[in-house]
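What follows is a single structure, written as structure tokens, with notes after it.
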Amino acid sequence: MSRLLEWEGCLNVRDLGGVALEGGGETPYGALVRADNIRRLTDEGWRSLAAHGVSRIVDLRWPEELEEDPPRDLDIDVVHVSLLGVLDPDFRDDIRDYMAVDDPAGYWAISYTRILRAFAPNFVQALGAIADARDGTVLFHCAGGKDRTGLVAALLLRLAGASIDEIARDYALTAERLARGPNLWVESARDEDERRRREFMQHTPAEAMQQALEQLEREHGSVEGYLVHAGLDVARIDRLRARLRRV
């Protein structure tokens, strides 16, 4: 069975099954799926989603992003969690410094560390929505299936017992998956300077996720410690592990 799912209309759909665990074995197929914006799925793509057994969708995007594409009437439970809180249109960071030295790994490592620190309660909400889902596959997604989706996937896989190296390799797959088709966000840039910034942001170097997770565990001891400190109860953590370790 392939982890790479070809659902018409999306570029970056992956089953979280087949990831090696440090204690032996691997994560099961059909438990969790990560994706880019599934509202772009064609009718055939939606049939693929249904055939995969999806029973709950967790949408991690900002409310403003939800308004940009029409909702679809679904016989599937949909939960919205704005993982990055309230959209700040004036947000600026030090990305230009990293662009000047061509260091996307450094940029994303510090960016992910900042996100995990600033939005810990939102990660608890997102993982809680996954833990509370009924039987069936849970799909979680953002716009490109890269940053918000990538961080949620990383926390889940680490809880399951995957090594940081395995998680970083999974994260790095996103760039090649997205490169298979047009990037509408990059193409909509208002000028060439903004286009270069957006292109720089498409990199997914494994070292970025590796460094962010290592920093998280230095601060909290483990991903579980981070989540418990942020408010996720042990019962939900146990349900997440059970979902990701079932035979």
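Letters A, B, ... go to the chains of the structure tokens in the order shown; residues in each chain start at 1; ligands are counted from 1 in the same order.
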### Task
Might you pull out every residue within 8 Å of range 211-214 of chain A, with only C-alpha atoms counted and same-chain residues fewer than 3 positions away left off, and present them as a PyMOL selection string?
chain A and resi 109-110+112-113+164+207-208+217-218
### Message
So that I can see what lies close to Ala20 in chain A, please list as a ChimeraX atom specification the residues with an atom at most 10 Å from it, counting only C-alpha atoms and leaving out residues fewer than 2 positions away in the same chain.
### Response
/A:17-18,22-28,157,160-163,166-167
Dump as a short mmCIF file (atom, residue, chain, number, x, y, z; two decimals), in the first residue's frame, selection limited to all heavy atoms:
data_model
loop_
_atom_site.label_atom_id
_atom_site.label_comp_id
_atom_site.auth_asym_id
_atom_site.auth_seq_id
_atom_site.Cartn_x
_atom_site.Cartn_y
_atom_site.Cartn_z
N GLY A 17 0.14 6.14 7.50
CA GLY A 17 0.55 4.76 7.73
C GLY A 17 1.91 4.48 7.13
O GLY A 17 2.41 5.20 6.27
N GLY A 18 2.52 3.40 7.60
CA GLY A 18 3.79 2.96 7.04
C GLY A 18 5.01 3.68 7.56
O GLY A 18 6.11 3.51 7.00
N GLU A 22 10.09 3.53 16.60
CA GLU A 22 11.36 3.21 17.25
C GLU A 22 11.33 1.87 17.98
O GLU A 22 12.33 1.17 18.05
CB GLU A 22 11.74 4.33 18.23
CG GLU A 22 12.15 5.62 17.54
CD GLU A 22 12.56 6.70 18.52
OE1 GLU A 22 11.78 6.99 19.45
OE2 GLU A 22 13.66 7.26 18.35
N GLY A 23 10.17 1.48 18.49
CA GLY A 23 10.07 0.21 19.21
C GLY A 23 9.77 -0.97 18.32
O GLY A 23 9.52 -2.07 18.81
N GLY A 24 9.79 -0.75 17.01
CA GLY A 24 9.44 -1.80 16.06
C GLY A 24 8.05 -1.60 15.50
O GLY A 24 7.20 -0.96 16.12
N GLY A 25 7.81 -2.14 14.34
CA GLY A 25 6.52 -1.97 13.69
C GLY A 25 6.42 -0.63 12.99
O GLY A 25 7.41 0.10 12.84
N GLU A 26 5.21 -0.31 12.58
CA GLU A 26 4.98 0.94 11.87
C GLU A 26 3.55 1.42 12.11
O GLU A 26 2.71 0.67 12.62
CB GLU A 26 5.21 0.76 10.37
CG GLU A 26 4.30 -0.26 9.72
CD GLU A 26 4.61 -0.49 8.26
OE1 GLU A 26 5.76 -0.31 7.83
OE2 GLU A 26 3.66 -0.85 7.52
N THR A 27 3.30 2.66 11.80
CA THR A 27 1.96 3.21 11.95
C THR A 27 1.01 2.54 10.96
O THR A 27 1.41 2.17 9.85
CB THR A 27 1.96 4.73 11.71
OG1 THR A 27 2.59 4.99 10.44
CG2 THR A 27 2.70 5.46 12.80
N PRO A 28 -0.27 2.38 11.34
CA PRO A 28 -1.22 1.69 10.47
C PRO A 28 -1.75 2.60 9.37
O PRO A 28 -1.85 3.82 9.54
CB PRO A 28 -2.35 1.32 11.43
CG PRO A 28 -2.32 2.39 12.46
CD PRO A 28 -0.86 2.74 12.64
N LEU A 157 3.05 11.80 15.01
CA LEU A 157 4.00 10.72 14.76
C LEU A 157 4.97 10.53 15.92
O LEU A 157 5.36 9.41 16.25
CB LEU A 157 4.75 10.98 13.46
CG LEU A 157 3.92 10.83 12.18
CD1 LEU A 157 4.73 11.31 10.97
CD2 LEU A 157 3.46 9.39 11.98
N ALA A 160 3.27 8.66 18.58
CA ALA A 160 3.15 7.25 18.22
C ALA A 160 4.44 6.49 18.47
O ALA A 160 4.42 5.27 18.63
CB ALA A 160 2.75 7.12 16.75
N GLY A 161 5.58 7.20 18.47
CA GLY A 161 6.86 6.55 18.70
C GLY A 161 7.78 6.56 17.51
O GLY A 161 8.78 5.83 17.48
N ALA A 162 7.48 7.38 16.49
CA ALA A 162 8.39 7.52 15.36
C ALA A 162 9.60 8.36 15.79
O ALA A 162 9.49 9.25 16.64
CB ALA A 162 7.68 8.20 14.19
N SER A 163 10.74 8.08 15.19
CA SER A 163 11.94 8.86 15.51
C SER A 163 11.84 10.24 14.87
O SER A 163 11.10 10.45 13.90
CB SER A 163 13.19 8.15 14.99
OG SER A 163 13.23 8.19 13.56
N GLU A 166 12.73 10.03 11.19
CA GLU A 166 11.63 9.55 10.35
C GLU A 166 10.61 10.66 10.10
O GLU A 166 10.10 10.84 8.99
CB GLU A 166 10.93 8.35 11.00
CG GLU A 166 11.67 7.04 10.85
CD GLU A 166 11.64 6.50 9.43
OE1 GLU A 166 10.69 6.79 8.69
OE2 GLU A 166 12.58 5.78 9.06
N ILE A 167 10.30 11.40 11.14
CA ILE A 167 9.33 12.49 11.02
C ILE A 167 9.86 13.57 10.08
O ILE A 167 9.11 14.11 9.26
CB ILE A 167 9.02 13.06 12.42
CG1 ILE A 167 8.31 12.00 13.27
CG2 ILE A 167 8.17 14.33 12.31
CD1 ILE A 167 8.26 12.33 14.75
#
Please provide the set of residues having any atom within 12 Å of Asp147 in chain A, restricted to only C-alpha atoms, with same-chain residues fewer than 6 positions apart removed, written as a tab-separated table (two decimals) with N, CA, C and O atoms, in the first residue's frame.
chain	number	residue	atom	x	y	z
A	34	ARG	N	-3.04	13.29	5.98
A	34	ARG	CA	-2.68	14.71	5.94
A	34	ARG	C	-2.84	15.21	4.50
A	34	ARG	O	-2.62	14.45	3.56
A	35	ALA	N	-3.22	16.47	4.35
A	35	ALA	CA	-3.54	16.93	2.99
A	35	ALA	C	-3.36	18.42	2.85
A	35	ALA	O	-3.27	19.17	3.83
A	36	ASP	N	-3.31	18.85	1.58
A	36	ASP	CA	-3.45	20.26	1.27
A	36	ASP	C	-4.95	20.57	1.21
A	36	ASP	O	-5.76	19.79	1.71
A	60	LEU	N	-7.45	23.25	9.45
A	60	LEU	CA	-6.56	24.05	10.30
A	60	LEU	C	-6.40	25.49	9.83
A	60	LEU	O	-5.60	26.23	10.39
A	61	ARG	N	-7.17	25.91	8.84
A	61	ARG	CA	-6.95	27.21	8.21
A	61	ARG	C	-7.60	28.36	8.98
A	61	ARG	O	-8.48	28.17	9.82
A	83	LEU	N	-5.37	27.06	13.55
A	83	LEU	CA	-4.19	26.66	14.30
A	83	LEU	C	-3.30	27.84	14.65
A	83	LEU	O	-2.68	27.88	15.71
A	84	LEU	N	-3.24	28.83	13.76
A	84	LEU	CA	-2.38	29.99	14.01
A	84	LEU	C	-3.16	31.19	14.52
A	84	LEU	O	-2.74	32.34	14.37
A	108	TRP	N	12.84	28.05	8.81
A	108	TRP	CA	11.69	27.25	9.23
A	108	TRP	C	11.90	26.64	10.61
A	108	TRP	O	10.94	26.46	11.37
A	109	ALA	N	13.13	26.33	10.98
A	109	ALA	CA	13.37	25.79	12.32
A	109	ALA	C	12.95	26.79	13.39
A	109	ALA	O	12.24	26.44	14.34
A	111	SER	N	10.98	29.42	12.91
A	111	SER	CA	9.55	29.73	12.74
A	111	SER	C	8.68	28.67	13.39
A	111	SER	O	7.70	28.98	14.09
A	112	TYR	N	9.02	27.40	13.18
A	112	TYR	CA	8.22	26.33	13.79
A	112	TYR	C	8.35	26.34	15.31
A	112	TYR	O	7.38	26.08	16.03
A	113	THR	N	9.53	26.64	15.81
A	113	THR	CA	9.70	26.75	17.25
A	113	THR	C	8.82	27.86	17.82
A	113	THR	O	8.16	27.68	18.86
A	115	ILE	N	6.06	29.05	16.49
A	115	ILE	CA	4.66	28.65	16.35
A	115	ILE	C	4.26	27.68	17.46
A	115	ILE	O	3.20	27.82	18.07
A	116	LEU	N	5.10	26.70	17.73
A	116	LEU	CA	4.78	25.73	18.78
A	116	LEU	C	4.69	26.40	20.15
A	116	LEU	O	3.86	26.01	20.98
A	141	HIS	N	-5.96	19.08	7.45
A	141	HIS	CA	-5.36	19.80	6.32
A	141	HIS	C	-5.33	21.29	6.60
A	141	HIS	O	-6.03	21.81	7.47
A	153	ALA	N	1.16	16.76	12.05
A	153	ALA	CA	1.61	15.41	11.71
A	153	ALA	C	2.84	15.03	12.53
A	153	ALA	O	2.96	13.90	13.02
A	154	ALA	N	3.76	15.96	12.70
A	154	ALA	CA	4.99	15.68	13.45
A	154	ALA	C	4.68	15.34	14.90
A	154	ALA	O	5.24	14.39	15.46
A	171	TYR	N	8.20	14.95	6.59
A	171	TYR	CA	7.96	16.37	6.35
A	171	TYR	C	8.57	16.81	5.03
A	171	TYR	O	7.97	17.56	4.25
A	172	ALA	N	9.78	16.33	4.74
A	172	ALA	CA	10.51	16.77	3.55
A	172	ALA	C	9.84	16.33	2.25
A	172	ALA	O	10.11	16.90	1.19
A	174	THR	N	6.94	16.92	1.31
A	174	THR	CA	5.95	17.89	0.86
A	174	THR	C	6.42	18.72	-0.32
A	174	THR	O	5.65	18.96	-1.25
A	175	ALA	N	7.66	19.15	-0.34
A	175	ALA	CA	8.13	20.02	-1.42
A	175	ALA	C	7.99	19.34	-2.77
A	175	ALA	O	7.50	19.94	-3.74
A	201	MET	N	9.61	30.25	0.78
A	201	MET	CA	8.81	29.62	1.83
A	201	MET	C	8.32	28.23	1.46
A	201	MET	O	7.80	27.51	2.32
A	202	GLN	N	8.49	27.83	0.21
A	202	GLN	CA	8.03	26.51	-0.20
A	202	GLN	C	9.01	25.40	0.14
A	202	GLN	O	8.68	24.22	0.04
A	203	HIS	N	10.22	25.74	0.56
A	203	HIS	CA	11.20	24.72	0.91
A	203	HIS	C	10.75	23.94	2.16
A	203	HIS	O	10.16	24.50	3.07
A	204	THR	N	11.05	22.65	2.16
A	204	THR	CA	10.76	21.82	3.35
A	204	THR	C	11.99	20.98	3.72
A	204	THR	O	11.97	19.75	3.65
A	205	PRO	N	13.06	21.63	4.13
A	205	PRO	CA	14.27	20.87	4.50
A	205	PRO	C	14.04	20.05	5.77
A	205	PRO	O	13.49	20.56	6.76
A	208	ALA	N	14.89	21.40	9.28
A	208	ALA	CA	14.03	22.38	9.95
A	208	ALA	C	13.12	21.69	10.96
A	208	ALA	O	13.02	22.11	12.12
A	209	MET	N	12.44	20.64	10.52
A	209	MET	CA	11.55	19.93	11.44
A	209	MET	C	12.34	19.22	12.52
A	209	MET	O	11.94	19.18	13.69
### Task
Pull the alpha helix (DSSP H) assignments for range 4-243 of chain A out of DSSP run on the backbone, and list those residues as a ChimeraX atom specification.
/A:43-51,63-66,95-100,104-118,120-131,148-160,164-178,184-187,192-200,206-220,223-230,234-243
### Task
Extract, using only C-alpha atoms, all DNA, RNA and protein residues at most 10 Å from range 65-68 of chain A, discarding same-chain residues fewer than 4 positions from it, and format them as number ranges by chain.
A: 37, 39, 59-61, 80, 82, 87, 142-143
File dump, residues just selected, N, CA, C and O atoms, as a compact mmCIF listing (two decimals), in the first residue's frame:
# COMPACT_ATOMS: atom_id res chain seq x y z
N ASN A 37 -5.34 21.67 0.64
CA ASN A 37 -6.73 22.15 0.73
C ASN A 37 -7.69 21.22 -0.01
O ASN A 37 -7.79 21.26 -1.24
N ARG A 39 -10.78 21.36 -0.32
CA ARG A 39 -11.89 22.01 -1.04
C ARG A 39 -11.58 22.17 -2.53
O ARG A 39 -12.47 22.54 -3.30
N ASP A 59 -9.99 21.00 9.72
CA ASP A 59 -9.49 22.07 8.85
C ASP A 59 -8.74 23.07 9.72
O ASP A 59 -9.32 23.70 10.61
N LEU A 60 -7.45 23.25 9.45
CA LEU A 60 -6.56 24.05 10.30
C LEU A 60 -6.40 25.49 9.83
O LEU A 60 -5.60 26.23 10.39
N ARG A 61 -7.17 25.91 8.84
CA ARG A 61 -6.95 27.21 8.21
C ARG A 61 -7.60 28.36 8.98
O ARG A 61 -8.48 28.17 9.82
N HIS A 80 -13.37 22.92 12.46
CA HIS A 80 -12.44 23.98 12.10
C HIS A 80 -11.65 24.42 13.33
O HIS A 80 -12.23 24.76 14.36
N SER A 82 -8.53 27.11 13.88
CA SER A 82 -7.57 28.06 13.31
C SER A 82 -6.25 27.90 14.07
O SER A 82 -6.04 28.51 15.12
N LEU A 87 -5.62 35.83 12.09
CA LEU A 87 -4.76 36.28 11.00
C LEU A 87 -4.33 37.72 11.21
O LEU A 87 -5.15 38.61 11.43
N CYS A 142 -4.48 21.99 5.81
CA CYS A 142 -4.49 23.45 5.80
C CYS A 142 -4.60 23.89 4.35
O CYS A 142 -5.47 23.39 3.63
N ALA A 143 -3.76 24.78 3.90
CA ALA A 143 -3.82 25.24 2.50
C ALA A 143 -2.91 24.39 1.61
O ALA A 143 -3.36 23.81 0.63
## Note on the structure
Of A:Pro89, A:Gly45, A:Leu21, A:Gly136, the one sitting nearest Ile76 in chain A when using only C-alpha atoms is A:Gly136
### Message
Restricting the calculation to only C-alpha atoms: of A:Ala189, A:Val33, A:Ala133, A:Val152, which residue gets closest to Arg239 in chain A?
### Response
A:Ala133
Find the residues near Ser48 in chain A: any atom within 12 Å, counting only C-alpha atoms, skip ones fewer than 5 places away on the same chain, and give them as an mmCIF file with C-alpha atoms, in the first residue's frame.
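Wrote it out as result_11.cif, contents follow:
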data_model
loop_
_atom_site.group_PDB
_atom_site.id
_atom_site.type_symbol
_atom_site.label_atom_id
_atom_site.label_comp_id
_atom_site.auth_asym_id
_atom_site.auth_seq_id
_atom_site.Cartn_x
_atom_site.Cartn_y
_atom_site.Cartn_z
ATOM 1 C CA LEU A 5 -2.565 9.246 -2.281
ATOM 2 C CA GLU A 6 -3.605 10.524 -5.691
ATOM 3 C CA TRP A 7 -6.861 12.405 -5.108
ATOM 4 C CA GLU A 8 -7.822 14.501 -8.101
ATOM 5 C CA GLY A 9 -7.649 18.217 -7.340
ATOM 6 C CA CYS A 10 -5.037 17.990 -4.577
ATOM 7 C CA VAL A 13 -2.345 13.953 0.212
ATOM 8 C CA ILE A 38 -9.325 19.448 0.092
ATOM 9 C CA LEU A 41 -10.916 18.262 -4.857
ATOM 10 C CA THR A 42 -12.874 17.400 -7.971
ATOM 11 C CA ASP A 43 -15.935 15.144 -7.764
ATOM 12 C CA GLY A 53 -13.087 5.885 4.908
ATOM 13 C CA VAL A 54 -12.763 9.484 6.103
#
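Backbone DSSP over range 12-219 of chain A gives strand (DSSP E) for Val13, Arg14, Asp15, Leu32, Val33, Arg34, Ala35, Val54, Ser55, Arg56, Ile57, Val58, Asp59, Asp77, Val78, Val79, His80, Thr137, Val138, Leu139, Phe140 and His141 of chain A.
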Put those residues in a file: N, CA and C atoms, as a PDB file, in the first residue's frame.
ATOM      1  N   VAL A  13      -1.551  14.797  -0.677  1.00  0.00           N
ATOM      2  CA  VAL A  13      -2.345  13.953   0.212  1.00  0.00           C
ATOM      3  C   VAL A  13      -1.539  12.711   0.554  1.00  0.00           C
ATOM      4  N   ARG A  14      -1.369  12.457   1.851  1.00  0.00           N
ATOM      5  CA  ARG A  14      -0.551  11.332   2.281  1.00  0.00           C
ATOM      6  C   ARG A  14      -1.191  10.631   3.485  1.00  0.00           C
ATOM      7  N   ASP A  15      -1.239   9.317   3.425  1.00  0.00           N
ATOM      8  CA  ASP A  15      -1.650   8.525   4.575  1.00  0.00           C
ATOM      9  C   ASP A  15      -0.482   8.485   5.557  1.00  0.00           C
ATOM     10  N   LEU A  32      -4.987   8.007   9.796  1.00  0.00           N
ATOM     11  CA  LEU A  32      -4.867   9.454   9.647  1.00  0.00           C
ATOM     12  C   LEU A  32      -4.370   9.788   8.250  1.00  0.00           C
ATOM     13  N   VAL A  33      -4.885  10.866   7.704  1.00  0.00           N
ATOM     14  CA  VAL A  33      -4.444  11.380   6.408  1.00  0.00           C
ATOM     15  C   VAL A  33      -4.144  12.853   6.556  1.00  0.00           C
ATOM     16  N   ARG A  34      -3.042  13.292   5.980  1.00  0.00           N
ATOM     17  CA  ARG A  34      -2.676  14.711   5.937  1.00  0.00           C
ATOM     18  C   ARG A  34      -2.843  15.205   4.505  1.00  0.00           C
ATOM     19  N   ALA A  35      -3.219  16.470   4.347  1.00  0.00           N
ATOM     20  CA  ALA A  35      -3.538  16.930   2.990  1.00  0.00           C
ATOM     21  C   ALA A  35      -3.355  18.424   2.850  1.00  0.00           C
ATOM     22  N   VAL A  54     -12.886   8.285   5.266  1.00  0.00           N
ATOM     23  CA  VAL A  54     -12.763   9.484   6.103  1.00  0.00           C
ATOM     24  C   VAL A  54     -14.072   9.752   6.840  1.00  0.00           C
ATOM     25  N   SER A  55     -13.986   9.854   8.158  1.00  0.00           N
ATOM     26  CA  SER A  55     -15.169  10.108   8.984  1.00  0.00           C
ATOM     27  C   SER A  55     -15.140  11.485   9.632  1.00  0.00           C
ATOM     28  N   ARG A  56     -13.967  12.096   9.707  1.00  0.00           N
ATOM     29  CA  ARG A  56     -13.857  13.458  10.257  1.00  0.00           C
ATOM     30  C   ARG A  56     -12.768  14.208   9.520  1.00  0.00           C
ATOM     31  N   ILE A  57     -13.029  15.485   9.247  1.00  0.00           N
ATOM     32  CA  ILE A  57     -12.063  16.395   8.642  1.00  0.00           C
ATOM     33  C   ILE A  57     -11.761  17.491   9.648  1.00  0.00           C
ATOM     34  N   VAL A  58     -10.477  17.733   9.903  1.00  0.00           N
ATOM     35  CA  VAL A  58     -10.050  18.835  10.776  1.00  0.00           C
ATOM     36  C   VAL A  58      -9.341  19.852   9.894  1.00  0.00           C
ATOM     37  N   ASP A  59      -9.988  21.003   9.716  1.00  0.00           N
ATOM     38  CA  ASP A  59      -9.494  22.070   8.848  1.00  0.00           C
ATOM     39  C   ASP A  59      -8.741  23.073   9.719  1.00  0.00           C
ATOM     40  N   ASP A  77     -18.201  14.637   9.289  1.00  0.00           N
ATOM     41  CA  ASP A  77     -18.006  15.602  10.365  1.00  0.00           C
ATOM     42  C   ASP A  77     -16.816  16.507  10.041  1.00  0.00           C
ATOM     43  N   VAL A  78     -17.021  17.834  10.089  1.00  0.00           N
ATOM     44  CA  VAL A  78     -15.952  18.790   9.809  1.00  0.00           C
ATOM     45  C   VAL A  78     -15.747  19.681  11.033  1.00  0.00           C
ATOM     46  N   VAL A  79     -14.500  19.780  11.491  1.00  0.00           N
ATOM     47  CA  VAL A  79     -14.141  20.629  12.628  1.00  0.00           C
ATOM     48  C   VAL A  79     -13.135  21.663  12.143  1.00  0.00           C
ATOM     49  N   HIS A  80     -13.367  22.921  12.459  1.00  0.00           N
ATOM     50  CA  HIS A  80     -12.439  23.985  12.099  1.00  0.00           C
ATOM     51  C   HIS A  80     -11.651  24.418  13.332  1.00  0.00           C
ATOM     52  N   THR A 137     -11.251   7.064   9.328  1.00  0.00           N
ATOM     53  CA  THR A 137     -10.045   7.845   9.059  1.00  0.00           C
ATOM     54  C   THR A 137     -10.286   9.308   9.398  1.00  0.00           C
ATOM     55  N   VAL A 138      -9.320   9.925  10.058  1.00  0.00           N
ATOM     56  CA  VAL A 138      -9.361  11.371  10.300  1.00  0.00           C
ATOM     57  C   VAL A 138      -8.399  12.039   9.325  1.00  0.00           C
ATOM     58  N   LEU A 139      -8.899  13.024   8.612  1.00  0.00           N
ATOM     59  CA  LEU A 139      -8.076  13.818   7.689  1.00  0.00           C
ATOM     60  C   LEU A 139      -7.898  15.208   8.269  1.00  0.00           C
ATOM     61  N   PHE A 140      -6.671  15.697   8.277  1.00  0.00           N
ATOM     62  CA  PHE A 140      -6.429  17.074   8.705  1.00  0.00           C
ATOM     63  C   PHE A 140      -5.660  17.786   7.596  1.00  0.00           C
ATOM     64  N   HIS A 141      -5.959  19.078   7.449  1.00  0.00           N
ATOM     65  CA  HIS A 141      -5.355  19.796   6.323  1.00  0.00           C
ATOM     66  C   HIS A 141      -5.326  21.290   6.600  1.00  0.00           C
TER      67      HIS A 141
END
### Query
Nearest to Val124 in chain A among A:His229, A:Arg243, A:Arg169, A:Lys146, with distances taken over only C-alpha atoms: which residue is it?
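Closest to Val124 in chain A, using only C-alpha atoms: A:His229.
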### Task
Rank A:Ala129, A:Val19, A:Leu178, A:Ile95 by their smallest atom-to-atom distance to Ser2 in chain A, using only C-alpha atoms, and report the top residue only.
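Checking each candidate against Ser2 in chain A, we get A:Val19 as the closest.
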